[in-house]
>>> print(open('start-v2.pdb').read())   # PDB, C-alpha atoms
MODEL        1
ATOM      1  CA  MET A   1      -7.977   8.203  21.567
ATOM      2  CA  LEU A   2      -7.103   8.893  17.957
ATOM      3  CA  THR A   3      -3.871   8.868  15.986
ATOM      4  CA  LYS A   4      -2.272  11.746  14.105
ATOM      5  CA  ALA A   5      -3.091   9.879  10.902
ATOM      6  CA  ASP A   6      -6.790  10.007  11.836
ATOM      7  CA  LYS A   7      -6.762  13.793  11.744
ATOM      8  CA  ILE A   8      -4.937  13.830   8.396
ATOM      9  CA  TYR A   9      -7.322  11.210   7.025
ATOM     10  CA  GLN A  10     -10.362  13.146   8.191
ATOM     11  CA  LYS A  11      -9.106  16.292   6.439
ATOM     12  CA  LEU A  12      -8.519  14.374   3.201
ATOM     13  CA  LEU A  13     -12.018  12.888   3.325
ATOM     14  CA  THR A  14     -13.416  16.379   3.797
ATOM     15  CA  GLN A  15     -11.529  17.660   0.747
ATOM     16  CA  VAL A  16     -12.730  14.796  -1.445
ATOM     17  CA  ALA A  17     -16.355  15.085  -0.288
ATOM     18  CA  ALA A  18     -16.503  18.886  -0.481
ATOM     19  CA  GLU A  19     -14.364  19.612  -3.544
ATOM     20  CA  GLY A  20     -14.697  16.460  -5.658
ATOM     21  CA  ASP A  21     -16.556  16.025  -8.930
ATOM     22  CA  ILE A  22     -19.147  13.337  -9.633
ATOM     23  CA  VAL A  23     -17.548  10.941 -12.116
ATOM     24  CA  ASP A  24     -19.013   7.864 -13.805
ATOM     25  CA  THR A  25     -16.143   5.325 -13.682
ATOM     26  CA  ARG A  26     -15.580   1.755 -14.837
ATOM     27  CA  ASN A  27     -17.537   0.228 -11.976
ATOM     28  CA  SER A  28     -19.479   2.960 -10.174
ATOM     29  CA  LEU A  29     -20.271   6.627  -9.705
ATOM     30  CA  THR A  30     -17.696   8.303  -7.485
ATOM     31  CA  THR A  31     -16.970  11.627  -5.869
ATOM     32  CA  SER A  32     -13.503  12.212  -7.294
ATOM     33  CA  ASN A  33     -10.800  14.724  -6.364
ATOM     34  CA  ILE A  34      -7.632  14.954  -8.464
ATOM     35  CA  ASN A  35      -6.172  17.891  -6.532
ATOM     36  CA  LEU A  36      -5.279  16.507  -3.116
ATOM     37  CA  PRO A  37      -1.971  17.841  -1.743
ATOM     38  CA  ASN A  38       0.958  15.549  -0.994
ATOM     39  CA  THR A  39       0.638  13.868   2.399
ATOM     40  CA  LYS A  40       3.785  13.291   4.465
ATOM     41  CA  PHE A  41       4.191  10.907   7.412
ATOM     42  CA  THR A  42       7.148  10.603   9.761
ATOM     43  CA  GLU A  43       5.543   7.947  11.973
ATOM     44  CA  PHE A  44       3.282   4.944  11.546
ATOM     45  CA  PRO A  45       0.132   6.225   9.720
ATOM     46  CA  LEU A  46      -2.504   4.140  11.486
ATOM     47  CA  VAL A  47      -6.138   5.120  10.885
ATOM     48  CA  THR A  48      -8.498   4.154  13.723
ATOM     49  CA  LEU A  49     -11.551   6.184  12.680
ATOM     50  CA  LYS A  50     -12.637   3.025  10.889
ATOM     51  CA  LYS A  51     -11.629  -0.604  11.100
ATOM     52  CA  THR A  52      -8.135  -1.099   9.682
ATOM     53  CA  ALA A  53      -7.040  -4.717   9.254
ATOM     54  CA  ILE A  54      -3.381  -4.157  10.118
ATOM     55  CA  LYS A  55      -2.126  -7.739  10.004
ATOM     56  CA  LYS A  56      -4.071  -8.537   6.862
ATOM     57  CA  ALA A  57      -2.769  -5.441   5.084
ATOM     58  CA  ILE A  58       0.827  -6.363   5.913
ATOM     59  CA  SER A  59       0.108  -9.952   4.907
ATOM     60  CA  GLU A  60      -1.064  -8.713   1.521
ATOM     61  CA  MET A  61       2.257  -6.902   1.079
ATOM     62  CA  GLU A  62       3.986 -10.176   2.031
ATOM     63  CA  TRP A  63       2.160 -11.812  -0.879
ATOM     64  CA  PHE A  64       3.129  -9.039  -3.305
ATOM     65  CA  LEU A  65       6.809  -9.057  -2.338
ATOM     66  CA  SER A  66       7.008 -12.859  -2.480
ATOM     67  CA  GLY A  67       6.547 -12.807  -6.240
ATOM     68  CA  SER A  68       3.907 -15.542  -6.156
ATOM     69  CA  VAL A  69       0.920 -15.084  -8.468
ATOM     70  CA  LYS A  70      -1.214 -17.427  -6.342
ATOM     71  CA  CYS A  71      -3.491 -15.497  -3.991
ATOM     72  CA  PRO A  72      -3.266 -16.884  -0.417
ATOM     73  CA  GLU A  73      -6.503 -18.315   0.942
ATOM     74  CA  HIS A  74      -6.778 -15.781   3.764
ATOM     75  CA  LEU A  75      -6.738 -12.915   1.243
ATOM     76  CA  ARG A  76      -9.335 -14.355  -1.129
ATOM     77  CA  ASP A  77     -12.179 -12.254   0.317
ATOM     78  CA  TRP A  78     -10.283  -9.086  -0.649
ATOM     79  CA  TRP A  79      -9.633 -10.419  -4.153
ATOM     80  CA  ASN A  80     -12.761 -12.520  -4.615
ATOM     81  CA  GLY A  81     -14.055 -12.423  -8.178
ATOM     82  CA  GLN A  82     -10.921 -10.746  -9.556
ATOM     83  CA  LEU A  83      -8.570 -13.733  -9.891
ATOM     84  CA  ASP A  84      -8.163 -16.159 -12.751
ATOM     85  CA  PRO A  85      -9.922 -19.569 -12.628
ATOM     86  CA  GLU A  86      -6.940 -21.051 -10.729
ATOM     87  CA  GLY A  87      -7.015 -18.376  -8.015
ATOM     88  CA  ARG A  88      -4.059 -16.425  -9.421
ATOM     89  CA  LEU A  89      -3.514 -12.754 -10.190
ATOM     90  CA  LEU A  90      -1.392 -12.760 -13.311
ATOM     91  CA  ASP A  91       0.650  -9.664 -14.193
ATOM     92  CA  GLY A  92      -0.434  -8.008 -10.933
ATOM     93  CA  TYR A  93       1.572  -6.646  -8.019
ATOM     94  CA  ALA A  94       3.647  -9.754  -7.333
ATOM     95  CA  THR A  95       4.700 -10.050 -10.963
ATOM     96  CA  GLN A  96       5.586  -6.368 -11.234
ATOM     97  CA  PHE A  97       7.627  -6.395  -8.006
ATOM     98  CA  ARG A  98       9.641  -9.535  -8.648
ATOM     99  CA  ARG A  99       9.297 -10.690 -12.254
ATOM    100  CA  SER A 100       8.636  -7.694 -14.456
ATOM    101  CA  THR A 101       9.629  -8.046 -18.111
ATOM    102  CA  GLU A 102      13.055  -6.566 -18.824
ATOM    103  CA  TYR A 103      12.840  -7.055 -22.573
ATOM    104  CA  CYS A 104      11.253  -9.506 -24.934
ATOM    105  CA  ASP A 105      11.839 -10.613 -28.504
ATOM    106  CA  GLN A 106      10.640 -13.558 -30.534
ATOM    107  CA  TYR A 107      13.069 -15.875 -28.807
ATOM    108  CA  VAL A 108      13.297 -14.953 -25.135
ATOM    109  CA  ALA A 109      11.775 -12.851 -22.350
ATOM    110  CA  LYS A 110      14.097 -11.709 -19.590
ATOM    111  CA  LEU A 111      12.629 -11.090 -16.141
ATOM    112  CA  PHE A 112      13.767  -8.327 -13.800
ATOM    113  CA  ASP A 113      13.564  -8.443  -9.982
ATOM    114  CA  GLN A 114      12.885  -4.869  -8.869
ATOM    115  CA  VAL A 115      13.152  -5.666  -5.147
ATOM    116  CA  LYS A 116      16.615  -7.179  -5.553
ATOM    117  CA  PHE A 117      17.681  -4.243  -7.729
ATOM    118  CA  LEU A 118      16.449  -1.749  -5.125
ATOM    119  CA  LEU A 119      18.199  -3.469  -2.212
ATOM    120  CA  ASP A 120      21.443  -3.575  -4.173
ATOM    121  CA  GLY A 121      21.071   0.091  -5.091
ATOM    122  CA  LEU A 122      20.361   1.216  -1.519
ATOM    123  CA  LYS A 123      23.551  -0.479  -0.359
ATOM    124  CA  ASN A 124      25.848   0.384  -3.245
ATOM    125  CA  SER A 125      24.444   3.578  -4.819
ATOM    126  CA  PRO A 126      22.438   5.337  -2.082
ATOM    127  CA  ASN A 127      22.527   8.705  -3.890
ATOM    128  CA  SER A 128      21.088   7.300  -7.099
ATOM    129  CA  ARG A 129      17.920   8.846  -8.519
ATOM    130  CA  ARG A 130      16.927   5.447  -9.886
ATOM    131  CA  LEU A 131      16.001   3.860  -6.558
ATOM    132  CA  LEU A 132      12.424   3.149  -7.513
ATOM    133  CA  ILE A 133       9.921   0.397  -8.152
ATOM    134  CA  SER A 134       7.383   0.718 -10.963
ATOM    135  CA  MET A 135       4.196  -1.321 -10.858
ATOM    136  CA  TRP A 136       2.772  -0.063 -14.120
ATOM    137  CA  ASN A 137       3.721  -1.974 -17.265
ATOM    138  CA  PRO A 138       1.355  -0.296 -19.770
ATOM    139  CA  GLY A 139       1.035  -3.266 -22.103
ATOM    140  CA  GLU A 140       0.357  -5.750 -19.318
ATOM    141  CA  MET A 141      -2.092  -3.438 -17.554
ATOM    142  CA  ALA A 142      -4.019  -2.888 -20.784
ATOM    143  CA  LYS A 143      -4.687  -6.603 -21.222
ATOM    144  CA  ILE A 144      -4.855  -7.789 -17.634
ATOM    145  CA  THR A 145      -8.516  -8.789 -17.795
ATOM    146  CA  GLN A 146      -7.799 -11.014 -20.811
ATOM    147  CA  THR A 147      -4.668 -12.416 -19.175
ATOM    148  CA  ASN A 148      -6.639 -13.473 -16.086
ATOM    149  CA  LYS A 149      -9.612 -14.648 -18.159
ATOM    150  CA  ASN A 150     -11.785 -12.568 -15.860
ATOM    151  CA  PRO A 151     -13.536  -9.318 -16.904
ATOM    152  CA  ASN A 152     -13.671  -8.302 -13.226
ATOM    153  CA  THR A 153      -9.898  -8.272 -12.809
ATOM    154  CA  PRO A 154      -9.078  -4.623 -12.079
ATOM    155  CA  THR A 155      -6.618  -2.642 -14.119
ATOM    156  CA  CYS A 156      -4.148  -2.749 -11.261
ATOM    157  CA  CYS A 157      -1.862  -1.614  -9.884
ATOM    158  CA  HIS A 158      -3.313   1.209  -7.780
ATOM    159  CA  SER A 159       0.029   2.514  -6.527
ATOM    160  CA  ILE A 160       2.132   2.692  -9.643
ATOM    161  CA  VAL A 161       5.546   4.029  -8.656
ATOM    162  CA  VAL A 162       7.508   4.153  -5.399
ATOM    163  CA  GLN A 163      10.790   6.071  -5.232
ATOM    164  CA  PHE A 164      13.329   5.959  -2.420
ATOM    165  CA  PHE A 165      15.865   8.542  -1.246
ATOM    166  CA  VAL A 166      18.719   8.221   1.255
ATOM    167  CA  ARG A 167      19.497  11.377   3.188
ATOM    168  CA  LYS A 168      21.742  11.595   6.267
ATOM    169  CA  GLY A 169      21.390   7.902   7.051
ATOM    170  CA  LYS A 170      17.606   7.878   6.739
ATOM    171  CA  LEU A 171      15.404   6.258   4.111
ATOM    172  CA  HIS A 172      12.594   8.339   2.641
ATOM    173  CA  MET A 173       9.887   7.004   0.347
ATOM    174  CA  LYS A 174       7.541   8.735  -2.094
ATOM    175  CA  SER A 175       4.599   6.809  -3.502
ATOM    176  CA  TYR A 176       2.279   7.882  -6.306
ATOM    177  CA  GLN A 177      -1.176   6.301  -6.180
ATOM    178  CA  ARG A 178      -3.032   6.651  -9.465
ATOM    179  CA  SER A 179      -6.364   5.435  -8.019
ATOM    180  CA  ALA A 180      -7.180   5.831  -4.325
ATOM    181  CA  ASP A 181     -10.292   4.312  -2.758
ATOM    182  CA  MET A 182     -10.372   6.649   0.223
ATOM    183  CA  LEU A 183     -12.662   4.496   2.362
ATOM    184  CA  LEU A 184     -11.680   0.870   1.816
ATOM    185  CA  GLY A 185      -8.199   1.071   0.341
ATOM    186  CA  VAL A 186      -6.171   4.026   1.587
ATOM    187  CA  PRO A 187      -5.889   3.161   5.323
ATOM    188  CA  HIS A 188      -4.626  -0.312   4.380
ATOM    189  CA  ASN A 189      -2.329   1.065   1.665
ATOM    190  CA  TRP A 190      -0.679   3.350   4.218
ATOM    191  CA  VAL A 191      -0.120   0.513   6.694
ATOM    192  CA  GLN A 192       1.396  -1.927   4.213
ATOM    193  CA  SER A 193       3.525   0.726   2.504
ATOM    194  CA  TRP A 194       4.925   1.888   5.850
ATOM    195  CA  ALA A 195       5.759  -1.755   6.587
ATOM    196  CA  MET A 196       7.564  -1.949   3.250
ATOM    197  CA  LEU A 197       9.541   1.197   4.156
ATOM    198  CA  LEU A 198      10.591  -0.423   7.442
ATOM    199  CA  TYR A 199      11.662  -3.558   5.598
ATOM    200  CA  PHE A 200      13.861  -1.744   3.070
ATOM    201  CA  ALA A 201      15.371   0.514   5.743
ATOM    202  CA  TYR A 202      16.266  -2.433   7.985
ATOM    203  CA  HIS A 203      17.892  -4.485   5.238
ATOM    204  CA  SER A 204      19.849  -1.457   4.023
ATOM    205  CA  GLY A 205      21.201  -0.490   7.446
ATOM    206  CA  LEU A 206      19.254   2.792   7.414
ATOM    207  CA  GLU A 207      16.904   4.586   9.797
ATOM    208  CA  VAL A 208      13.313   5.270   8.796
ATOM    209  CA  GLY A 209      12.798   8.793   7.507
ATOM    210  CA  SER A 210       9.442   9.605   5.972
ATOM    211  CA  MET A 211       6.701   8.422   3.635
ATOM    212  CA  THR A 212       5.146  10.928   1.240
ATOM    213  CA  TRP A 213       1.880  10.040  -0.470
ATOM    214  CA  MET A 214       1.089  11.630  -3.828
ATOM    215  CA  TRP A 215      -2.445  11.393  -5.183
ATOM    216  CA  GLY A 216      -3.897  10.726  -8.604
ATOM    217  CA  ASP A 217      -7.659  10.125  -8.472
ATOM    218  CA  ALA A 218      -8.816  10.104  -4.832
ATOM    219  CA  HIS A 219     -12.424   9.005  -4.657
ATOM    220  CA  ILE A 220     -15.361   7.948  -2.512
ATOM    221  CA  TYR A 221     -17.854   5.585  -4.106
ATOM    222  CA  LYS A 222     -21.383   6.939  -4.252
ATOM    223  CA  GLU A 223     -22.901   4.015  -2.392
ATOM    224  CA  GLU A 224     -25.141   4.619   0.600
ATOM    225  CA  SER A 225     -23.042   2.577   3.037
ATOM    226  CA  HIS A 226     -19.819   4.287   1.922
ATOM    227  CA  GLU A 227     -21.186   7.803   2.104
ATOM    228  CA  LYS A 228     -22.807   7.110   5.495
ATOM    229  CA  ALA A 229     -19.507   5.835   6.923
ATOM    230  CA  VAL A 230     -17.646   8.881   5.606
ATOM    231  CA  GLN A 231     -20.160  11.270   7.161
ATOM    232  CA  GLN A 232     -19.844   9.461  10.505
ATOM    233  CA  MET A 233     -16.080   9.856  10.426
ATOM    234  CA  LEU A 234     -16.294  13.510   9.453
ATOM    235  CA  ASN A 235     -18.527  14.117  12.481
ATOM    236  CA  VAL A 236     -16.006  12.693  14.954
ATOM    237  CA  ASP A 237     -14.658  15.693  16.822
ATOM    238  CA  VAL A 238     -13.070  14.349  20.013
ATOM    239  CA  TRP A 239      -9.362  15.114  20.113
ATOM    240  CA  VAL A 240      -8.711  14.667  23.806
ATOM    241  CA  GLU A 241      -5.494  12.723  23.409
ATOM    242  CA  GLU A 242      -3.616  11.295  20.489
ATOM    243  CA  CYS A 243      -2.907   7.581  20.568
ATOM    244  CA  GLU A 244       0.764   6.991  19.735
ATOM    245  CA  VAL A 245       1.246   3.531  18.299
ATOM    246  CA  GLU A 246       4.348   2.487  16.390
ATOM    247  CA  LEU A 247       4.991  -0.413  14.057
ATOM    248  CA  LEU A 248       8.294  -2.215  14.608
ATOM    249  CA  TYR A 249      10.089  -4.523  12.203
ATOM    250  CA  ASN A 250      12.262  -6.980  14.066
ATOM    251  CA  PRO A 251      12.854 -10.234  12.160
ATOM    252  CA  LYS A 252      13.714 -13.056  14.537
ATOM    253  CA  LEU A 253      15.123 -15.189  11.728
ATOM    254  CA  ILE A 254      16.067 -13.703   8.364
ATOM    255  CA  GLU A 255      15.269 -16.089   5.531
ATOM    256  CA  HIS A 256      16.274 -15.527   1.930
ATOM    257  CA  ASP A 257      14.412 -16.623  -1.172
ATOM    258  CA  SER A 258      15.901 -18.192  -4.288
ATOM    259  CA  GLN A 259      17.041 -14.755  -5.521
ATOM    260  CA  GLY A 260      18.918 -14.036  -2.291
ATOM    261  CA  VAL A 261      16.315 -11.455  -1.215
ATOM    262  CA  PRO A 262      15.315 -11.356   2.493
ATOM    263  CA  LYS A 263      11.756 -12.604   2.866
ATOM    264  CA  PHE A 264       9.162 -10.054   3.925
ATOM    265  CA  LYS A 265       7.025 -11.757   6.602
ATOM    266  CA  MET A 266       4.022 -10.388   8.443
ATOM    267  CA  GLU A 267       5.070 -12.195  11.630
ATOM    268  CA  ASP A 268       8.178  -9.982  11.884
ATOM    269  CA  PHE A 269       6.080  -6.863  12.568
ATOM    270  CA  GLU A 270       4.752  -5.787  15.960
ATOM    271  CA  LEU A 271       2.609  -2.912  17.235
ATOM    272  CA  ILE A 272       4.216  -1.018  20.097
ATOM    273  CA  ALA A 273       2.509   1.635  22.231
ATOM    274  CA  LYS A 274       4.140   4.905  23.287
ATOM    275  CA  ASP A 275       5.633   3.371  26.444
ATOM    276  CA  GLY A 276       7.314   0.587  24.463
ATOM    277  CA  ILE A 277       5.071  -2.310  25.505
ATOM    278  CA  PRO A 278       2.956  -4.323  23.056
ATOM    279  CA  ALA A 279      -0.014  -2.179  22.069
ATOM    280  CA  PRO A 280      -3.548  -3.259  22.981
ATOM    281  CA  VAL A 281      -6.144  -3.765  20.279
ATOM    282  CA  VAL A 282      -7.051  -0.341  18.938
ATOM    283  CA  THR A 283     -10.729   0.526  19.325
ATOM    284  CA  ASN A 284     -12.079   1.595  15.957
ATOM    285  CA  LYS A 285     -14.662   4.350  15.918
ATOM    286  CA  ILE A 286     -16.432   3.353  12.698
ATOM    287  CA  LYS A 287     -16.929  -0.176  11.405
ATOM    288  CA  MET A 288     -18.012  -0.773   7.824
ATOM    289  CA  LEU A 289     -21.398  -2.446   7.485
TER     290      LEU A 289
ENDMDL
END
>>> encode(input="start-v2.pdb", output="structure tokens")
Amino acid sequence: MLTKADKIYQKLLTQVAAEGDIVDTRNSLTTSNINLPNTKFTEFPLVTLKKTAIKKAISEMEWFLSGSVKCPEHLRDWWNGQLDPEGRLLDGYATQFRRSTEYCDQYVAKLFDQVKFLLDGLKNSPNSRRLLISMWNPGEMAKITQTNKNPNTPTCCHSIVVQFFVRKGKLHMKSYQRSADMLLGVPHNWVQSWAMLLYFAYHSGLEVGSMTWMWGDAHIYKEESHEKAVQQMLNVDVWVEECEVELLYNPKLIEHDSQGVPKFKMEDFELIAKDGIPAPVVTNKIKML
């Protein structure tokens, strides 16, 4: 069984592979498509055509939203070689989410908590057009490799702006991803971003509406293992029944951090099958070598 997101994902892979240009980038040759259409989801966008590490993806979002620059041990394999000598990611996602620079002069730098600002705005100004989080501070992104004392630190962040809209009691989210690794990154980005949508909806007393994904550079790396995996997924053509699996956010105990912001915790999320019981482990069709 496959999910609805599998079919959408397969179509996107086809468009990148068939219509993309060969581009020599910072770290590799890629097949790159800058013309993918917006992709809208109204339910959990779980890709099962390949192995998707659901818990780990949500755990990574937990790290980002915590504001800590220290990479947790269980995420080091995803960030191996890209951290500073102390195992930190300075000026990366966590900093942008929770401690972005508001202004700076020769005497003082003020820090701005975007998550706290967004939660306050959703509750008090739900019709505002400023309900967004930006993860792209141009000056910090330009010097991030020097900041982390590591030339391999990527010019993150990959998703650079997320905007929220409240309509008829539902929370809708639009995310612009400047750089999309279609094989390794996108399925995990969808999972953790949907989890973030659930989190903000819950703590704002809203229902979940939709998540719209807007694309910058969507690419497939021209490596044999990557291209082979993509071709395998494009050849899957068995749509007997769609697997309906939902992600639920149900915090047993709401904890707040020092800024009064509810903590985002991976343990508060649960996969539920169509009939409402805990979902079994999803069988993945393609596993990366």
>>> closest_residue(input="start-v2.pdb", among="A:Asn35, A:Trp194, A:Gly92, A:Trp63", to="A:Gln15", atoms="all atoms listed in the file")
A:Asn35
>>> resolve_selection(input="start-v2.pdb", expression="the PyMOL selection byres ((chain A and resi 175) around 9)", output="MDAnalysis selection string")
chainID A and resid 159:164 173:174 176:177 193 211:215
>>> write_last_selection(input="start-v2.pdb", atoms="C-alpha atoms", output="PDB file, keeping the file's coordinate frame")
ATOM      1  CA  SER A 159       0.029   2.514  -6.527  1.00  0.00           C
ATOM      2  CA  ILE A 160       2.132   2.692  -9.643  1.00  0.00           C
ATOM      3  CA  VAL A 161       5.546   4.029  -8.656  1.00  0.00           C
ATOM      4  CA  VAL A 162       7.508   4.153  -5.399  1.00  0.00           C
ATOM      5  CA  GLN A 163      10.790   6.071  -5.232  1.00  0.00           C
ATOM      6  CA  PHE A 164      13.329   5.959  -2.420  1.00  0.00           C
ATOM      7  CA  MET A 173       9.887   7.004   0.347  1.00  0.00           C
ATOM      8  CA  LYS A 174       7.541   8.735  -2.094  1.00  0.00           C
ATOM      9  CA  TYR A 176       2.279   7.882  -6.306  1.00  0.00           C
ATOM     10  CA  GLN A 177      -1.176   6.301  -6.180  1.00  0.00           C
ATOM     11  CA  SER A 193       3.525   0.726   2.504  1.00  0.00           C
ATOM     12  CA  MET A 211       6.701   8.422   3.635  1.00  0.00           C
ATOM     13  CA  THR A 212       5.146  10.928   1.240  1.00  0.00           C
ATOM     14  CA  TRP A 213       1.880  10.040  -0.470  1.00  0.00           C
ATOM     15  CA  MET A 214       1.089  11.630  -3.828  1.00  0.00           C
ATOM     16  CA  TRP A 215      -2.445  11.393  -5.183  1.00  0.00           C
TER      17      TRP A 215
END
>>> residues_around(input="start-v2.pdb", residues="A:Trp79", least_positions_apart="4", cutoff="9 Å", atoms="all atoms listed in the file", output="number ranges by chain")
A: 71, 75, 83, 89, 153
>>> residues_around(input="start-v2.pdb", residues="A:Ser179", least_positions_apart="5", cutoff="6 Å", atoms="only C-alpha atoms", output="number ranges by chain")
A: 158, 216-217
>>> residues_around(input="start-v2.pdb", residues="A:Asn33", least_positions_apart="3", cutoff="9 Å", atoms="only C-alpha atoms", output="list in words")
Gln15, Val16, Ala17, Glu19, Gly20, Asp21, Leu36, Gly216, Asp217, Ala218 and His219 of chain A
>>> closest_residue(input="start-v2.pdb", among="A:Ile58, A:Leu65, A:Val108, A:Val23", to="A:Tyr93", atoms="all atoms listed in the file")
A:Leu65
>>> closest_residue(input="start-v2.pdb", among="A:Thr39, A:Asn235, A:Thr155, A:Gln146", to="A:Arg26", atoms="all atoms listed in the file")
A:Thr155
>>> residues_around(input="start-v2.pdb", residues="A:Ser66", least_positions_apart="3", cutoff="9 Å", atoms="only C-alpha atoms", output="short mmCIF file (atom, residue, chain, number, x, y, z; two decimals) with C-alpha atoms, in the coordinates of the input")
data_model
loop_
_atom_site.label_atom_id
_atom_site.label_comp_id
_atom_site.auth_asym_id
_atom_site.auth_seq_id
_atom_site.Cartn_x
_atom_site.Cartn_y
_atom_site.Cartn_z
CA MET A 61 2.26 -6.90 1.08
CA GLU A 62 3.99 -10.18 2.03
CA TRP A 63 2.16 -11.81 -0.88
CA VAL A 69 0.92 -15.08 -8.47
CA ALA A 94 3.65 -9.75 -7.33
CA PHE A 97 7.63 -6.40 -8.01
CA ARG A 98 9.64 -9.54 -8.65
CA ASP A 257 14.41 -16.62 -1.17
CA LYS A 263 11.76 -12.60 2.87
CA PHE A 264 9.16 -10.05 3.92
#
>>> closest_residue(input="start-v2.pdb", among="A:Val245, A:Leu171, A:Leu111, A:Met182", to="A:Gly67", atoms="all atoms listed in the file")
A:Leu111
>>> closest_residue(input="start-v2.pdb", among="A:Asp120, A:Glu73, A:Glu223, A:Glu270", to="A:Ser204", atoms="only C-alpha atoms")
A:Asp120
>>> resolve_selection(input="start-v2.pdb", expression="the PyMOL selection byres ((chain A and resi 3-7) around 8)", output="list in words")
Met1, Leu2, Ile8, Tyr9, Gln10, Lys11, Pro45, Leu46, Val47, Thr48, Leu49, Glu242, Cys243, Glu244 and Val245 of chain A
>>> atom_distance(input="start-v2.pdb", atom1="atom CA of A:Leu29", atom2="atom CA of A:Arg178")
17.2 Å
>>> resolve_selection(input="start-v2.pdb", expression="the PyMOL selection byres ((chain A and resi 30) around 6)", output="ChimeraX atom specification")
/A:22-23,29,31-32,220-222
>>> build_atoms(input="start-v2.pdb", residues="stretch 117-130 of chain A", atoms="N, CA and C atoms", output="compact mmCIF listing (two decimals), keeping the file's coordinate frame")
# COMPACT_ATOMS: atom_id res chain seq x y z
N PHE A 117 17.00 -5.40 -7.16
CA PHE A 117 17.68 -4.24 -7.73
C PHE A 117 17.69 -3.08 -6.74
N LEU A 118 16.54 -2.86 -6.07
CA LEU A 118 16.45 -1.75 -5.12
C LEU A 118 17.35 -1.97 -3.91
N LEU A 119 17.34 -3.17 -3.36
CA LEU A 119 18.20 -3.47 -2.21
C LEU A 119 19.67 -3.29 -2.57
N ASP A 120 20.06 -3.75 -3.73
CA ASP A 120 21.44 -3.58 -4.17
C ASP A 120 21.77 -2.09 -4.32
N GLY A 121 20.84 -1.33 -4.88
CA GLY A 121 21.07 0.09 -5.09
C GLY A 121 21.17 0.86 -3.79
N LEU A 122 20.33 0.53 -2.82
CA LEU A 122 20.36 1.22 -1.52
C LEU A 122 21.70 1.00 -0.82
N LYS A 123 22.27 -0.17 -1.00
CA LYS A 123 23.55 -0.48 -0.36
C LYS A 123 24.74 0.10 -1.11
N ASN A 124 24.68 0.04 -2.44
CA ASN A 124 25.85 0.38 -3.24
C ASN A 124 25.78 1.75 -3.93
N SER A 125 24.60 2.28 -4.15
CA SER A 125 24.44 3.58 -4.82
C SER A 125 23.35 4.39 -4.13
N PRO A 126 23.52 4.70 -2.85
CA PRO A 126 22.44 5.34 -2.08
C PRO A 126 22.03 6.72 -2.58
N ASN A 127 22.87 7.38 -3.38
CA ASN A 127 22.53 8.70 -3.89
C ASN A 127 21.90 8.66 -5.28
N SER A 128 21.66 7.46 -5.77
CA SER A 128 21.09 7.30 -7.10
C SER A 128 19.65 7.85 -7.15
N ARG A 129 19.29 8.38 -8.30
CA ARG A 129 17.92 8.85 -8.52
C ARG A 129 17.08 7.77 -9.21
N ARG A 130 17.63 6.56 -9.25
CA ARG A 130 16.93 5.45 -9.89
C ARG A 130 16.47 4.40 -8.87
